[in-house]
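Asks: One structure follows; several queries about it will come next.
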Amino acid sequence: MKIAIVGTGYVGLVTGTCFAEVGIEVTCIDIDQKKIDNLHKGILPIYEPGLEEMVSRNVEKGRLKFSTSLADGIKDCDVAFIAVGTPPGEDGSADLKYVLAVARGVGEHMNSYGVIVTKSTVPVGTAAKVRAEIEKALARRGETIEFDVASNPEFLKEGAAIDDFLKPDRIVVGVASARAEEVMTKLYKPFLLNGHPIIFMDIPSAEMTKYAANSMLATKISFMNDIANLCEIMGADVNMVRKGIGSDARIGTKFIYPGIGYGGSCFPKDVKALIKTAAENGYEMQVLKAVESVNEAQKEVLFDKVTRHFGGQLKGKKMAIWGLSFKPKTDDMREAPSLVIIEKLLAEGCTVTAYDPVAVAEARHTLGDRITYAKDEFDALIDADALLVVTEWPEFRSPNFDVVARLMKQKAIFDGRNIYDAKELHEAGFTYHCIGIRT
Ligand code: UGA
């Protein structure tokens, strides 16, 4: 099989590389010449564990190619994935201009039957718009080439994307013809060896599945953050409550960890977009609106704890921050709670020194030189009045607390991810604050 992936961002690059890994001939296309030049040199636009090695292995084998030419990539291909960005517009709805521009380009250059698949997260109804764009472009050429559209939402998590792609829980594909179903079955066959299913459905349902999945996960998190906050007020311990409810298989143990709010490029954007889609169609997503506002408030919880601890006297205090990315194993700073926390600390006149294993370059884009970037986690602690643990990178989990205590001016730890043991920290002489856990 021969496929093209249009849009070599996060989803596109992982998708293309993983398909190449199982032996499929893949061309990844992007209009950004610099990005493509870099990829030819083995420089990736994103950080994802294991991806760099996999890209170079498949490039060497000749199965993975990069190009800026849609015309070349699309020629003779069985499947073309549209994996370009859908940035949220002013009003929160997904902006489809890039998706539809690709559809136009496909219509202008395709030369044989193919399935055109939307992989980007797109609102219900987008595949139909893609079909219309391709048809218009074909008509302009006076061509009548047969094609199908399909929707194949992506469920990969940053930091674990390769594993998620190679060993998926499920693959969801929305199709409108038996022929497209056959092509997509053949394409995904190598990924179904672990017994998980490929679920075929109609196109609107596949499009909706993506939003429903992310919205449900975001709901679990906001729900638990609400419970954690109430636990603090009522003297309960959210860790106990989490275990207590998680052992009910209907609830499950995953995605019920309270913290400082969900971030990233997906949950905030998709929750907003679904609320918007519903509103445009005369329906109010009441639960999701609450999910969103709980999340906004939760990003400030750690700052509020710091403020209370210091009796509102934050001016001139030196704050150490461990972790900047929205979650571990990524350099993604989009909607990262760290940004909200740091802005609030700076506004109060604190000085901030942060350490993150990979996200510093990304963080600089937004924070510039308004904060100091430490060379390692201990360097960040020198003379600090407090340590705020913002991202639960594995290397922060078990530091030598004697060293931590020696470096800091005041022994106060604010743990936004509940990674430490309150008893241990008290014994080491720290004041310890976390989220919803009795300390
Ligand atoms: C999410 C979904 O998990 C993927 O299935 C989906 O494909 C992806 O969005 C997407 O739409 O492309 P991702 O944004 O990479 O993936 O990150 P997650 O690992 O899901 O974490 C999201 C946020 O939730 C993080 O800020 C994390 O800290 C937070 N979180 C997660 C919690 O606060 N508590 C939890 O129990 C779990």
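Labels for the structure tokens follow display order: chains A, B, ..., residues from 1 in each chain, ligands from 1.
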Write down as a list in words the residues belonging to range 142-324 of chain A that are assigned strand (DSSP E) by DSSP computed on the backbone.

Replies: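 Answer for range 142-324 of chain A restricted to strand (DSSP E) is Phe147, Asp148, Val149, Ala150, Ser151, Ile171, Val172, Val173, Gly174, Ile198, Ile199, Phe200, Met201, Lys318, Met319, Ala320, Ile321 and Trp322 of chain A.
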
Asks: Could you please extract the residues within 9 Å of ligand 1, counting only C-alpha atoms and all ligand atoms, and hand them back as a PDB file with C-alpha atoms, in the first residue's frame?

Replies:
```
ATOM      1  CA  TYR A  10       2.418  15.796  16.056  1.00  0.00           C
ATOM      2  CA  VAL A  11      -0.324  13.490  14.822  1.00  0.00           C
ATOM      3  CA  SER A 120      -7.203  15.869  12.700  1.00  0.00           C
ATOM      4  CA  THR A 121      -9.855  16.370  15.358  1.00  0.00           C
ATOM      5  CA  PRO A 153      -9.930   9.995  14.907  1.00  0.00           C
ATOM      6  CA  GLU A 154      -6.683   9.686  16.785  1.00  0.00           C
ATOM      7  CA  PHE A 155      -6.494   8.677  20.438  1.00  0.00           C
ATOM      8  CA  LEU A 156      -2.783   8.917  21.059  1.00  0.00           C
ATOM      9  CA  LYS A 157      -1.371  10.570  24.143  1.00  0.00           C
ATOM     10  CA  GLU A 158       1.679  12.778  23.953  1.00  0.00           C
ATOM     11  CA  GLY A 159       4.612  11.040  25.596  1.00  0.00           C
ATOM     12  CA  ALA A 160       3.179   7.591  24.821  1.00  0.00           C
ATOM     13  CA  ALA A 161       2.159   8.180  21.216  1.00  0.00           C
ATOM     14  CA  ASP A 164      -0.654   4.041  21.596  1.00  0.00           C
ATOM     15  CA  LYS A 210     -13.317  11.782  19.371  1.00  0.00           C
ATOM     16  CA  TYR A 211     -14.951  14.728  21.100  1.00  0.00           C
ATOM     17  CA  ALA A 213     -13.821  10.566  24.437  1.00  0.00           C
ATOM     18  CA  ASN A 214     -11.806  13.674  25.292  1.00  0.00           C
ATOM     19  CA  LEU A 217     -11.790  12.167  30.203  1.00  0.00           C
ATOM     20  CA  ALA A 218     -11.766  15.897  30.953  1.00  0.00           C
ATOM     21  CA  LYS A 220     -13.387  12.696  35.070  1.00  0.00           C
ATOM     22  CA  ILE A 221     -10.499  15.010  35.897  1.00  0.00           C
ATOM     23  CA  SER A 222     -12.615  18.060  36.723  1.00  0.00           C
ATOM     24  CA  MET A 224     -12.026  14.566  40.820  1.00  0.00           C
ATOM     25  CA  ASN A 225     -10.585  18.043  41.254  1.00  0.00           C
ATOM     26  CA  THR A 253      -8.757   3.554  38.239  1.00  0.00           C
ATOM     27  CA  LYS A 254      -7.549   5.715  35.379  1.00  0.00           C
ATOM     28  CA  PHE A 255      -7.908   9.465  34.899  1.00  0.00           C
ATOM     29  CA  ILE A 256      -9.202  10.096  38.391  1.00  0.00           C
ATOM     30  CA  TYR A 257      -6.041  11.738  39.712  1.00  0.00           C
ATOM     31  CA  PRO A 258      -6.691  15.230  41.020  1.00  0.00           C
ATOM     32  CA  GLY A 259      -4.118  17.886  40.297  1.00  0.00           C
ATOM     33  CA  ILE A 260      -3.826  21.434  39.044  1.00  0.00           C
ATOM     34  CA  GLY A 261      -6.136  21.089  36.076  1.00  0.00           C
ATOM     35  CA  TYR A 262      -5.830  19.466  32.686  1.00  0.00           C
ATOM     36  CA  GLY A 263      -3.825  21.225  29.988  1.00  0.00           C
ATOM     37  CA  GLY A 264      -2.376  20.407  26.587  1.00  0.00           C
ATOM     38  CA  SER A 265      -3.502  20.959  23.067  1.00  0.00           C
ATOM     39  CA  CYS A 266      -6.472  18.607  23.168  1.00  0.00           C
ATOM     40  CA  PHE A 267      -8.739  18.601  26.214  1.00  0.00           C
ATOM     41  CA  PRO A 268      -9.154  22.375  26.572  1.00  0.00           C
ATOM     42  CA  LYS A 269      -9.659  22.853  22.837  1.00  0.00           C
ATOM     43  CA  ASP A 270     -12.013  19.915  22.320  1.00  0.00           C
ATOM     44  CA  SER A 325       5.161  21.192  30.406  1.00  0.00           C
ATOM     45  CA  PHE A 326       1.458  20.361  30.777  1.00  0.00           C
ATOM     46  CA  LYS A 327       2.413  16.790  31.654  1.00  0.00           C
ATOM     47  CA  PRO A 328       5.595  14.675  31.801  1.00  0.00           C
ATOM     48  CA  THR A 330       6.548  16.174  26.478  1.00  0.00           C
ATOM     49  CA  GLU A 335      -2.493  25.479  28.075  1.00  0.00           C
ATOM     50  CA  ALA A 336       0.013  24.323  30.683  1.00  0.00           C
ATOM     51  CA  PRO A 337      -1.127  25.099  34.247  1.00  0.00           C
ATOM     52  CA  THR A 391       4.625  18.558  36.462  1.00  0.00           C
ATOM     53  CA  GLU A 392       5.179  15.043  37.779  1.00  0.00           C
ATOM     54  CA  ARG A 417       0.482  16.418  41.564  1.00  0.00           C
TER      55      ARG A 417
END
```

Asks: Return the single residue from A:Met240, A:Leu187, A:Leu302, A:Ile3 that is closest to Gly114 in chain A, with distances computed using only C-alpha atoms.

Replies: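 Ranked by minimum distance to Gly114 in chain A, first place goes to A:Ile3.
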
Asks: So that I can see what lies close to range 17-22 of chain A, please list as an MDAnalysis selection string the residues with an atom at most 7 Å from it, counting only C-alpha atoms and leaving out residues fewer than 5 positions away in the same chain.

Replies: chainID A and resid 54:55 58 63:64 165:166 190

Asks: Take the residues from that selection and write them out as a short mmCIF file (atom, residue, chain, number, x, y, z; two decimals), in the first residue's frame, keeping N, CA and C atoms.

Replies:
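What ended up in result14.cif:
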```cif
data_model
loop_
_atom_site.label_atom_id
_atom_site.label_comp_id
_atom_site.auth_asym_id
_atom_site.auth_seq_id
_atom_site.Cartn_x
_atom_site.Cartn_y
_atom_site.Cartn_z
N MET A 54 12.87 5.99 15.34
CA MET A 54 11.95 5.32 14.42
C MET A 54 11.91 6.03 13.07
N VAL A 55 11.96 7.37 13.11
CA VAL A 55 11.97 8.14 11.86
C VAL A 55 13.23 7.76 11.06
N ASN A 58 13.21 4.29 9.46
CA ASN A 58 12.32 4.11 8.31
C ASN A 58 12.72 4.93 7.10
N ARG A 63 11.15 3.64 3.35
CA ARG A 63 9.69 3.53 3.43
C ARG A 63 9.04 4.84 3.83
N LEU A 64 9.85 5.75 4.40
CA LEU A 64 9.30 7.00 4.89
C LEU A 64 9.97 8.17 4.18
N PHE A 165 -0.12 4.14 19.23
CA PHE A 165 -0.41 3.90 17.81
C PHE A 165 -0.19 2.44 17.44
N LEU A 166 0.93 1.87 17.92
CA LEU A 166 1.25 0.50 17.51
C LEU A 166 0.37 -0.53 18.21
N PRO A 190 -2.10 -4.72 10.38
CA PRO A 190 -0.91 -5.00 11.20
C PRO A 190 -1.02 -4.50 12.65
#
```

Asks: I need the residue nearest His433 in chain A from this list: A:Ile342, A:Val306, A:Ala347, A:Val390. Use only C-alpha atoms for the distance.

Replies: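 Checking each candidate against His433 in chain A, we get A:Val306 as the closest.
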
Asks: From a DSSP pass on the backbone, collect the residues of range 335-429 of chain A flagged as helix (DSSP H, G or I) and hand them back as an NGL selection string.

Replies: :A and (337-347 or 360-367 or 379-381 or 394-396 or 401-407 or 422-427)

Asks: Take the residues that were just selected and, keeping C-alpha atoms, output them as a CSV table (one decimal), in the first residue's frame.

Replies:
```csv
chain,number,residue,atom,x,y,z
A,337,PRO,CA,-1.1,25.1,34.2
A,338,SER,CA,2.5,26.2,34.9
A,339,LEU,CA,1.8,29.3,32.8
A,340,VAL,CA,-1.1,30.4,34.9
A,341,ILE,CA,0.7,29.8,38.2
A,342,ILE,CA,3.9,31.6,37.1
A,343,GLU,CA,2.0,34.6,35.8
A,344,LYS,CA,0.2,34.9,39.1
A,345,LEU,CA,3.5,34.6,41.1
A,346,LEU,CA,5.2,37.2,38.9
A,347,ALA,CA,2.2,39.6,39.2
A,360,VAL,CA,12.5,25.1,28.6
A,361,ALA,CA,12.9,26.1,25.0
A,362,GLU,CA,9.2,26.0,24.5
A,363,ALA,CA,8.5,27.8,27.8
A,364,ARG,CA,10.9,30.6,26.7
A,365,HIS,CA,8.5,31.4,23.8
A,366,THR,CA,5.9,32.5,26.3
A,367,LEU,CA,7.7,33.4,29.4
A,379,ASP,CA,19.9,24.4,41.0
A,380,ALA,CA,16.3,25.7,41.0
A,381,LEU,CA,16.1,25.3,44.8
A,394,PRO,CA,9.7,10.8,37.1
A,395,GLU,CA,12.9,12.4,38.3
A,396,PHE,CA,11.1,14.6,40.7
A,401,PHE,CA,15.1,15.6,50.8
A,402,ASP,CA,18.2,16.4,52.9
A,403,VAL,CA,19.7,18.1,49.9
A,404,VAL,CA,16.4,19.8,49.1
A,405,ALA,CA,16.2,21.1,52.7
A,406,ARG,CA,19.8,22.3,52.7
A,407,LEU,CA,19.4,24.3,49.4
A,422,ALA,CA,3.1,13.8,53.6
A,423,LYS,CA,4.5,11.9,56.6
A,424,GLU,CA,7.9,11.6,55.1
A,425,LEU,CA,8.1,15.3,54.3
A,426,HIS,CA,6.9,16.3,57.8
A,427,GLU,CA,9.6,14.1,59.3
```

Asks: Would you write out, as JSON lines, a table of all residues in range 297-338 of chain A that have an atom no more than 10 Å from an atom of range 32-53 of chain A, listing for each the closest atom pair and the distance in Å to one decimal, considering only C-alpha atoms and ordering rows by chain and rising residue number?

Replies:
```
{"residue": "A:Lys329", "atom": "CA", "partner": "A:Pro49", "partner_atom": "CA", "distance": 7.3}
{"residue": "A:Thr330", "atom": "CA", "partner": "A:Tyr47", "partner_atom": "CA", "distance": 6.2}
{"residue": "A:Asp331", "atom": "CA", "partner": "A:Tyr47", "partner_atom": "CA", "distance": 6.3}
{"residue": "A:Asp332", "atom": "CA", "partner": "A:Tyr47", "partner_atom": "CA", "distance": 8.4}
```

Asks: Since we have the selection now, will you write its residues out, keeping N, CA and C atoms, as a PDB file, in the first residue's frame?

Replies:
```pdb
ATOM      1  N   LYS A 329       7.049  13.961  30.025  1.00  0.00           N
ATOM      2  CA  LYS A 329       7.467  13.324  28.769  1.00  0.00           C
ATOM      3  C   LYS A 329       7.041  14.074  27.518  1.00  0.00           C
ATOM      4  N   THR A 330       6.831  15.354  27.655  1.00  0.00           N
ATOM      5  CA  THR A 330       6.548  16.174  26.478  1.00  0.00           C
ATOM      6  C   THR A 330       7.130  17.560  26.722  1.00  0.00           C
ATOM      7  N   ASP A 331       7.413  18.268  25.614  1.00  0.00           N
ATOM      8  CA  ASP A 331       7.840  19.661  25.785  1.00  0.00           C
ATOM      9  C   ASP A 331       6.680  20.608  25.487  1.00  0.00           C
ATOM     10  N   ASP A 332       5.488  20.047  25.386  1.00  0.00           N
ATOM     11  CA  ASP A 332       4.310  20.839  25.021  1.00  0.00           C
ATOM     12  C   ASP A 332       3.906  21.772  26.166  1.00  0.00           C
TER      13      ASP A 332
END
```

Asks: To one decimal in Å, tell me the separation between CA of Lys97 in chain A and CA of Ser177 in chain A.

Replies: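 Interatomic distance here is 26.1 Å.
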
Asks: So that I can check the surroundings of Asp237 in chain A, please list as an MDAnalysis selection string every protein, DNA and RNA residue that reaches within 8 Å of it, counting only C-alpha atoms and ignoring chain neighbours fewer than 3 positions away.

Replies: chainID A and resid 228 231:232 240:241 436:438

Asks: Quick one: of A:Asp369, A:Asp148, A:Asp304, A:Asp383, who's nearest to Ile435 in chain A, counting only C-alpha atoms?

Replies: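 Nearest to Ile435 in chain A: A:Asp304.
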
Asks: What is the distance between CA of Glu60 in chain A and CA of Thr27 in chain A, in Å to one decimal?

Replies: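 Interatomic distance here is 13.7 Å.
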
Asks: With a distance cut-off of 10 Å and only C-alpha atoms, select the neighbouring residues of Glu143 in chain A, excluding the residue or stretch itself and same-chain residues fewer than 2 positions from it, and output the selection as a list of chain:residue names.

Replies: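 The filter keeps A:Gly107, A:Glu108, A:Met110, A:Asn111, A:Glu135, A:Ala137, A:Leu138, A:Ala139, A:Arg140, A:Arg141, A:Ile145, A:Glu146.
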
Asks: With only C-alpha atoms as the basis for distance, which of A:Leu314, A:Leu288, A:Ala297, A:Ala206 is at the shortest distance from Lys272 in chain A?

Replies: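 Result for the nearest residue to Lys272 in chain A: A:Leu288.
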
Asks: If we count only C-alpha atoms and set the cut-off at 12 Å, which residues sit around Lys119 in chain A, ignoring sequence neighbours fewer than 3 positions away in its own chain? Please answer as a PyMOL selection string.

Replies: chain A and resi 4-16+79-86+99+116+122-123+126-127+149-156+171-174+206-207+210

Asks: Could you please take those selected residues and save N, CA and C atoms as a CSV table (one decimal), in the first residue's frame?

Replies:
```
chain,number,residue,atom,x,y,z
A,4,ALA,N,-0.3,8.8,1.9
A,4,ALA,CA,0.2,10.1,2.1
A,4,ALA,C,-0.4,10.7,3.4
A,5,ILE,N,0.5,11.4,4.1
A,5,ILE,CA,0.0,12.0,5.3
A,5,ILE,C,0.2,13.5,5.1
A,6,VAL,N,-0.8,14.3,5.1
A,6,VAL,CA,-0.7,15.7,4.9
A,6,VAL,C,-0.7,16.4,6.2
A,7,GLY,N,0.3,17.1,6.5
A,7,GLY,CA,0.4,17.8,7.8
A,7,GLY,C,1.4,17.0,8.7
A,8,THR,N,2.6,17.5,8.8
A,8,THR,CA,3.6,16.7,9.6
A,8,THR,C,3.8,17.3,10.9
A,9,GLY,N,2.8,17.6,11.6
A,9,GLY,CA,2.8,18.0,13.0
A,9,GLY,C,2.8,16.7,13.9
A,10,TYR,N,2.4,16.9,15.1
A,10,TYR,CA,2.4,15.8,16.1
A,10,TYR,C,1.7,14.5,15.6
A,11,VAL,N,0.5,14.7,15.2
A,11,VAL,CA,-0.3,13.5,14.8
A,11,VAL,C,0.2,12.9,13.5
A,12,GLY,N,0.5,13.8,12.5
A,12,GLY,CA,0.9,13.4,11.2
A,12,GLY,C,2.2,12.6,11.2
A,13,LEU,N,3.1,13.2,12.0
A,13,LEU,CA,4.5,12.5,12.0
A,13,LEU,C,4.4,11.2,12.7
A,14,VAL,N,3.7,11.1,13.8
A,14,VAL,CA,3.6,9.8,14.5
A,14,VAL,C,2.9,8.8,13.6
A,15,THR,N,1.8,9.2,13.0
A,15,THR,CA,1.0,8.4,12.2
A,15,THR,C,1.8,7.8,11.0
A,16,GLY,N,2.5,8.8,10.3
A,16,GLY,CA,3.3,8.4,9.1
A,16,GLY,C,4.4,7.4,9.5
A,79,VAL,N,-4.5,5.8,0.2
A,79,VAL,CA,-5.1,6.5,1.3
A,79,VAL,C,-4.3,7.8,1.6
A,80,ALA,N,-5.1,8.9,1.7
A,80,ALA,CA,-4.4,10.1,2.1
A,80,ALA,C,-5.0,10.6,3.4
A,81,PHE,N,-4.2,10.8,4.4
A,81,PHE,CA,-4.7,11.3,5.7
A,81,PHE,C,-4.5,12.8,5.8
A,82,ILE,N,-5.5,13.5,6.2
A,82,ILE,CA,-5.4,14.9,6.5
A,82,ILE,C,-5.2,15.1,8.0
A,83,ALA,N,-3.9,15.5,8.3
A,83,ALA,CA,-3.5,15.7,9.7
A,83,ALA,C,-3.0,17.0,10.0
A,84,VAL,N,-3.6,18.0,9.4
A,84,VAL,CA,-3.2,19.4,9.6
A,84,VAL,C,-3.9,20.0,10.9
A,85,GLY,N,-3.4,21.1,11.3
A,85,GLY,CA,-4.0,21.7,12.6
A,85,GLY,C,-5.4,22.2,12.4
A,86,THR,N,-6.1,22.2,13.5
A,86,THR,CA,-7.4,22.8,13.5
A,86,THR,C,-7.5,23.8,14.7
A,99,VAL,N,-7.7,22.3,6.9
A,99,VAL,CA,-8.2,21.0,6.4
A,99,VAL,C,-8.8,21.1,5.0
A,116,ILE,N,-9.8,9.4,1.3
A,116,ILE,CA,-9.3,10.6,2.0
A,116,ILE,C,-9.8,10.7,3.4
A,122,VAL,N,-11.8,17.0,14.1
A,122,VAL,CA,-12.6,17.9,13.4
A,122,VAL,C,-14.1,17.8,13.7
A,123,PRO,N,-14.8,18.9,13.7
A,123,PRO,CA,-16.2,18.9,14.1
A,123,PRO,C,-17.1,17.9,13.3
A,126,THR,N,-17.4,17.5,9.1
A,126,THR,CA,-16.3,18.0,8.4
A,126,THR,C,-16.0,17.1,7.2
A,127,ALA,N,-16.1,15.8,7.3
A,127,ALA,CA,-15.8,14.8,6.2
A,127,ALA,C,-16.7,15.2,5.0
A,149,VAL,N,-14.5,9.4,1.3
A,149,VAL,CA,-13.9,10.1,2.5
A,149,VAL,C,-14.2,9.2,3.7
A,150,ALA,N,-13.4,9.4,4.7
A,150,ALA,CA,-13.5,8.6,5.9
A,150,ALA,C,-13.1,9.5,7.1
A,151,SER,N,-13.5,9.1,8.3
A,151,SER,CA,-13.0,9.8,9.5
A,151,SER,C,-12.4,8.8,10.4
A,152,ASN,N,-11.1,9.1,10.8
A,152,ASN,CA,-10.4,8.1,11.6
A,152,ASN,C,-9.7,8.9,12.8
A,153,PRO,N,-10.5,9.2,13.8
A,153,PRO,CA,-9.9,10.0,14.9
A,153,PRO,C,-8.8,9.3,15.6
A,154,GLU,N,-7.9,10.2,16.1
A,154,GLU,CA,-6.7,9.7,16.8
A,154,GLU,C,-6.8,9.7,18.3
A,155,PHE,N,-6.4,8.7,19.0
A,155,PHE,CA,-6.5,8.7,20.4
A,155,PHE,C,-5.1,8.6,21.1
A,156,LEU,N,-4.1,9.1,20.4
A,156,LEU,CA,-2.8,8.9,21.1
A,156,LEU,C,-2.5,10.0,22.1
A,171,ILE,N,-9.5,1.1,17.2
A,171,ILE,CA,-9.3,2.0,16.1
A,171,ILE,C,-10.8,2.3,15.6
A,172,VAL,N,-11.1,3.6,15.6
A,172,VAL,CA,-12.4,4.0,15.2
A,172,VAL,C,-12.4,4.5,13.7
A,173,VAL,N,-13.2,4.0,12.9
A,173,VAL,CA,-13.2,4.5,11.5
A,173,VAL,C,-14.6,4.7,11.0
A,174,GLY,N,-14.9,5.9,10.6
A,174,GLY,CA,-16.2,6.3,10.0
A,174,GLY,C,-16.1,6.2,8.5
A,206,ALA,N,-18.2,8.7,14.1
A,206,ALA,CA,-16.7,8.6,14.3
A,206,ALA,C,-16.2,10.0,14.7
A,207,GLU,N,-16.7,11.0,14.0
A,207,GLU,CA,-16.3,12.4,14.3
A,207,GLU,C,-16.7,12.8,15.8
A,210,LYS,N,-14.5,11.1,18.9
A,210,LYS,CA,-13.3,11.8,19.4
A,210,LYS,C,-13.6,12.8,20.4
```
